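Notes to accompany the following structure.
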Amino acid sequence: MIGPYAAALRRLHFYAGAIAAPFFLIAALSGIVMALNAPIERALYSQQMHADPSGAPAGVEAQLSLVQSAFPGARIATYVPPPLPDRTAQFILSEADGDGHGAGASRAVFVDPYRDRIAGVIDMQSTPYAIARKIHGTLLIGPIGDYLIEIAAGFGMFLAISGLLLWASGGSTASPGAALSAHGRWRRRHLALGPLLFLPMIFFFVSGLAWTPVWGGKLVQAWSAFPAARLSAPVGESTHGAMDHGDHRQAPWALARTPMPASTGAGGGPVTLEQAVAIAAKAGIAKYRVNFPDGDHGVWTISATTISGDLTDPRDERVVHIDRRSGEILADIGFADYSLAGKAMASGVPLHQAGLGGWNIAFNLVFAISVIVMVVSAAAMTLSRRRRPGFSLPPPPAAASTRAAAITASSAIIACLFFPLTAAAFAVIAMLDFISRQSVRARLKLESF
């Protein structure tokens, strides 16, 4: 199928893997922590999360007053009702400096509604999940990490496709003698796992790339977001992304860049938390969280989304905005209102985050461990090919034909143009590889004289 181009493709596969491997290990290890988030939180924060369901629970206004008394002057950003009768309610305090709920550090205050007491407080940015997510998304180095992750994810797409092509073109066969060598044994493990991981890798890379700054933010999300023009109410300066609390996301991918509607109505008095909860019940929303108005023109927002972990069925997603003065519903956005890409992300997010139950956690753990095995087998396979002692990563032999190498490199760059950062990285790799091969040929010519 790729006959004369196999050597060149194998060499590019090696280079892409050598660059992306460390990022894959980081993503897999942090992904394991994120997949185990629910049992980890139950183990670490059982005291804060547990409530004793005896007697009548206090109303939400009484719970709110309790938190306001304990944290005077704090900005209360979100109320999360107890998910079960024996669980506490949460009030999320935001320390943002006027740029939305998610601009600063956040604390979760757990309230036992039956005993009318605060069960505990957690810094949301220091939980294992938050730390793992920072590593998973930015490598703890901010925007630069975002770009590096995007390049690595693009390489991952190339590795999955090129690996399948090499396997399908006969790369899965080896001579009996080669199969018995250390190189052959590691190669056999690598080839056995590769085809099985193809579809899961494509899914995880695409769903992860949707959050990246260039491919996700500028090419896909910008054109797939819910248009503000469809909102009947005036819009404010904040976007739905302001509902996020650092690494704990609440805004659906399809709405994250859409401006929030603004409160402009007049009424008998400001809408209370209790009234917002009653509106959620009347709208038939069972599991949700309530975001408090931010600023004079802010709105009450009832959100039930897969990305927050409140839902597992994306078809139940709802985001309802309520005028903070009149109580009028300004917007009621559901799954059916999303673009095709928005629906795909709402459906894929719970699977990516291991939010569909025990089987999903097991699936993500197996996938992450398999990725680690793939990386280790690739590294061992490469190191076993060394002819001299010392640390080196010898690439596979270059293509016999310079034309085949050029066509393969050009095809890889063109195929990756949909992922601009990865295409640019491939162009640099191809150029350096060409310079390296030319210098080797020049040296061999000199030695032949």
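In the structure tokens, chains take the letters A, B, ... in the order shown, each chain's residues start at 1, and ligands count up from 1 in the order shown.
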
- Which neighbours of stretch 128-135 of chain A fall inside 7 Å, counting only C-alpha atoms, when residues of the same chain fewer than 3 positions from it are skipped, and could you give them as a ChimeraX atom specification? /A:30,33-34,37,124-125,138-140,247

- Can you list, as a PyMOL selection string, every residue of stretch 52-179 of chain A that DSSP puts in alpha helix (DSSP H)? chain A and resi 60-70+128-138+143-166+176-179

Those same residues - C-alpha atoms - I'd like them written as a PDB file, in the first residue's frame.
```pdb
ATOM      1  CA  VAL A  60     -31.164  27.241  50.835  1.00  0.00           C
ATOM      2  CA  GLU A  61     -31.471  30.824  52.123  1.00  0.00           C
ATOM      3  CA  ALA A  62     -30.566  29.678  55.645  1.00  0.00           C
ATOM      4  CA  GLN A  63     -27.576  27.784  54.237  1.00  0.00           C
ATOM      5  CA  LEU A  64     -26.535  30.867  52.252  1.00  0.00           C
ATOM      6  CA  SER A  65     -26.761  33.052  55.369  1.00  0.00           C
ATOM      7  CA  LEU A  66     -24.587  30.560  57.256  1.00  0.00           C
ATOM      8  CA  VAL A  67     -21.867  30.800  54.592  1.00  0.00           C
ATOM      9  CA  GLN A  68     -22.116  34.592  54.395  1.00  0.00           C
ATOM     10  CA  SER A  69     -21.727  34.834  58.179  1.00  0.00           C
ATOM     11  CA  ALA A  70     -18.701  32.528  58.165  1.00  0.00           C
ATOM     12  CA  PRO A 128      -5.493  16.130  43.241  1.00  0.00           C
ATOM     13  CA  TYR A 129      -7.887  16.599  40.319  1.00  0.00           C
ATOM     14  CA  ALA A 130      -7.056  20.295  39.874  1.00  0.00           C
ATOM     15  CA  ILE A 131      -3.307  19.653  40.003  1.00  0.00           C
ATOM     16  CA  ALA A 132      -3.579  16.711  37.590  1.00  0.00           C
ATOM     17  CA  ARG A 133      -5.701  18.784  35.212  1.00  0.00           C
ATOM     18  CA  LYS A 134      -3.159  21.632  35.243  1.00  0.00           C
ATOM     19  CA  ILE A 135      -0.434  19.136  34.368  1.00  0.00           C
ATOM     20  CA  HIS A 136      -2.667  17.469  31.774  1.00  0.00           C
ATOM     21  CA  GLY A 137      -3.514  20.737  30.031  1.00  0.00           C
ATOM     22  CA  THR A 138      -0.613  23.140  30.553  1.00  0.00           C
ATOM     23  CA  PRO A 143       0.111  29.183  27.832  1.00  0.00           C
ATOM     24  CA  ILE A 144       3.409  27.748  26.553  1.00  0.00           C
ATOM     25  CA  GLY A 145       2.335  24.378  27.907  1.00  0.00           C
ATOM     26  CA  ASP A 146      -0.974  24.735  26.049  1.00  0.00           C
ATOM     27  CA  TYR A 147       0.878  25.120  22.756  1.00  0.00           C
ATOM     28  CA  LEU A 148       3.255  22.237  23.473  1.00  0.00           C
ATOM     29  CA  ILE A 149       0.316  19.971  24.335  1.00  0.00           C
ATOM     30  CA  GLU A 150      -1.384  20.962  21.073  1.00  0.00           C
ATOM     31  CA  ILE A 151       1.726  20.069  19.057  1.00  0.00           C
ATOM     32  CA  ALA A 152       2.032  16.739  20.878  1.00  0.00           C
ATOM     33  CA  ALA A 153      -1.659  15.913  20.334  1.00  0.00           C
ATOM     34  CA  GLY A 154      -1.294  16.659  16.612  1.00  0.00           C
ATOM     35  CA  PHE A 155       1.718  14.347  16.531  1.00  0.00           C
ATOM     36  CA  GLY A 156      -0.458  11.780  18.282  1.00  0.00           C
ATOM     37  CA  MET A 157      -2.977  11.911  15.437  1.00  0.00           C
ATOM     38  CA  PHE A 158      -0.141  11.416  12.952  1.00  0.00           C
ATOM     39  CA  LEU A 159       1.345   8.554  14.981  1.00  0.00           C
ATOM     40  CA  ALA A 160      -1.998   6.738  15.141  1.00  0.00           C
ATOM     41  CA  ILE A 161      -2.621   7.045  11.387  1.00  0.00           C
ATOM     42  CA  SER A 162       0.957   6.406  10.240  1.00  0.00           C
ATOM     43  CA  GLY A 163       1.265   3.478  12.654  1.00  0.00           C
ATOM     44  CA  LEU A 164      -1.875   1.891  11.243  1.00  0.00           C
ATOM     45  CA  LEU A 165      -0.589   2.399   7.681  1.00  0.00           C
ATOM     46  CA  LEU A 166       2.756   0.801   8.531  1.00  0.00           C
ATOM     47  CA  PRO A 176      11.856 -15.657  13.162  1.00  0.00           C
ATOM     48  CA  GLY A 177      15.373 -14.585  14.096  1.00  0.00           C
ATOM     49  CA  ALA A 178      14.413 -10.930  14.467  1.00  0.00           C
ATOM     50  CA  ALA A 179      11.375 -11.833  16.571  1.00  0.00           C
TER      51      ALA A 179
END
```

- Item | Shortest interatomic distance to A:Leu330 - which of A:Ala242, A:Met374, A:Ile302, A:Ala278, counting only C-alpha atoms |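 That would be A:Ile302, the residue with the smallest distance to A:Leu330.
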
- Which value, in Å to one decimal, gives the distance between atom CA of A:Thr301 and atom CA of A:Val320?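 Taking atom CA of A:Thr301 and atom CA of A:Val320, their separation equals 5.6 Å.
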
- Shortest interatomic distance to A:Leu417 - which of A:Asp294, A:Val214, A:Gly184, A:Pro39, counting only C-alpha atoms: A:Val214

- Task: Tell me which protein, DNA and RNA residues are within 12 Å of A:Ser232, counting only C-alpha atoms, leaving out same-chain ones fewer than 2 positions away, and put them as a PyMOL selection string.
- Result: chain A and resi 227-230+234-235+260-263+321+329-333

- Determine the nearest neighbour of A:Val371 from the options A:Pro200, A:Pro82, A:Gly298, A:Pro57, counting only C-alpha atoms.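 Once distances to A:Val371 are computed over only C-alpha atoms, the minimum belongs to A:Pro200.
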
Within 12 Å of stretch 215-226 of chain A, which residues of stretch 273-392 of chain A come that close, and what is the closest atom pair and distance in Å for each? Count only C-alpha atoms and give it as a Markdown table.
```
| residue | atom | partner | partner_atom | distance |
| --- | --- | --- | --- | --- |
| A:Val319 | CA | A:Phe226 | CA | 11.9 |
| A:Ile333 | CA | A:Phe226 | CA | 9.3 |
| A:Gly334 | CA | A:Phe226 | CA | 10.7 |
| A:Phe335 | CA | A:Phe226 | CA | 10.8 |
| A:Ala336 | CA | A:Phe226 | CA | 11.1 |
| A:Asp337 | CA | A:Phe226 | CA | 7.7 |
| A:Tyr338 | CA | A:Phe226 | CA | 6.2 |
| A:Ser339 | CA | A:Ser224 | CA | 5.9 |
| A:Leu340 | CA | A:Ser224 | CA | 7.7 |
| A:Ala341 | CA | A:Ser224 | CA | 6.1 |
| A:Gly342 | CA | A:Ser224 | CA | 6.5 |
| A:Lys343 | CA | A:Ser224 | CA | 9.9 |
| A:Ala344 | CA | A:Ser224 | CA | 10.8 |
| A:Met345 | CA | A:Gln221 | CA | 10.2 |
```

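Remark: for A:Gln48, the closest of the candidate residues A:Ala21, A:Asp112, A:Ala35, A:Pro83 is A:Asp112 (distances computed over only C-alpha atoms).
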
- Task: Mind giving me the straight-line distance from atom CA of A:His13 to atom CA of A:Asp433 in Å, one decimal?
- Result: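 One can read the atom CA of A:His13 to atom CA of A:Asp433 distance as 12.7 Å.
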
- Task: Quote the spacing between atom CA of A:Leu191 and atom CA of A:Ser370 in Å to one decimal place.
- Result: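 Value for the atom CA of A:Leu191-atom CA of A:Ser370 distance: 12.1 Å.
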
- Step one, run DSSP on the backbone; step two, keep only residues of stretch 154-300 of chain A assigned to strand (DSSP E or B); then write them as a list in words. Val235, Gly236, Glu237, Ser238, Thr239, His245, His248, Pro259, Met260, Pro261, Arg289, Val290, Asn291, Val299 and Trp300 of chain A
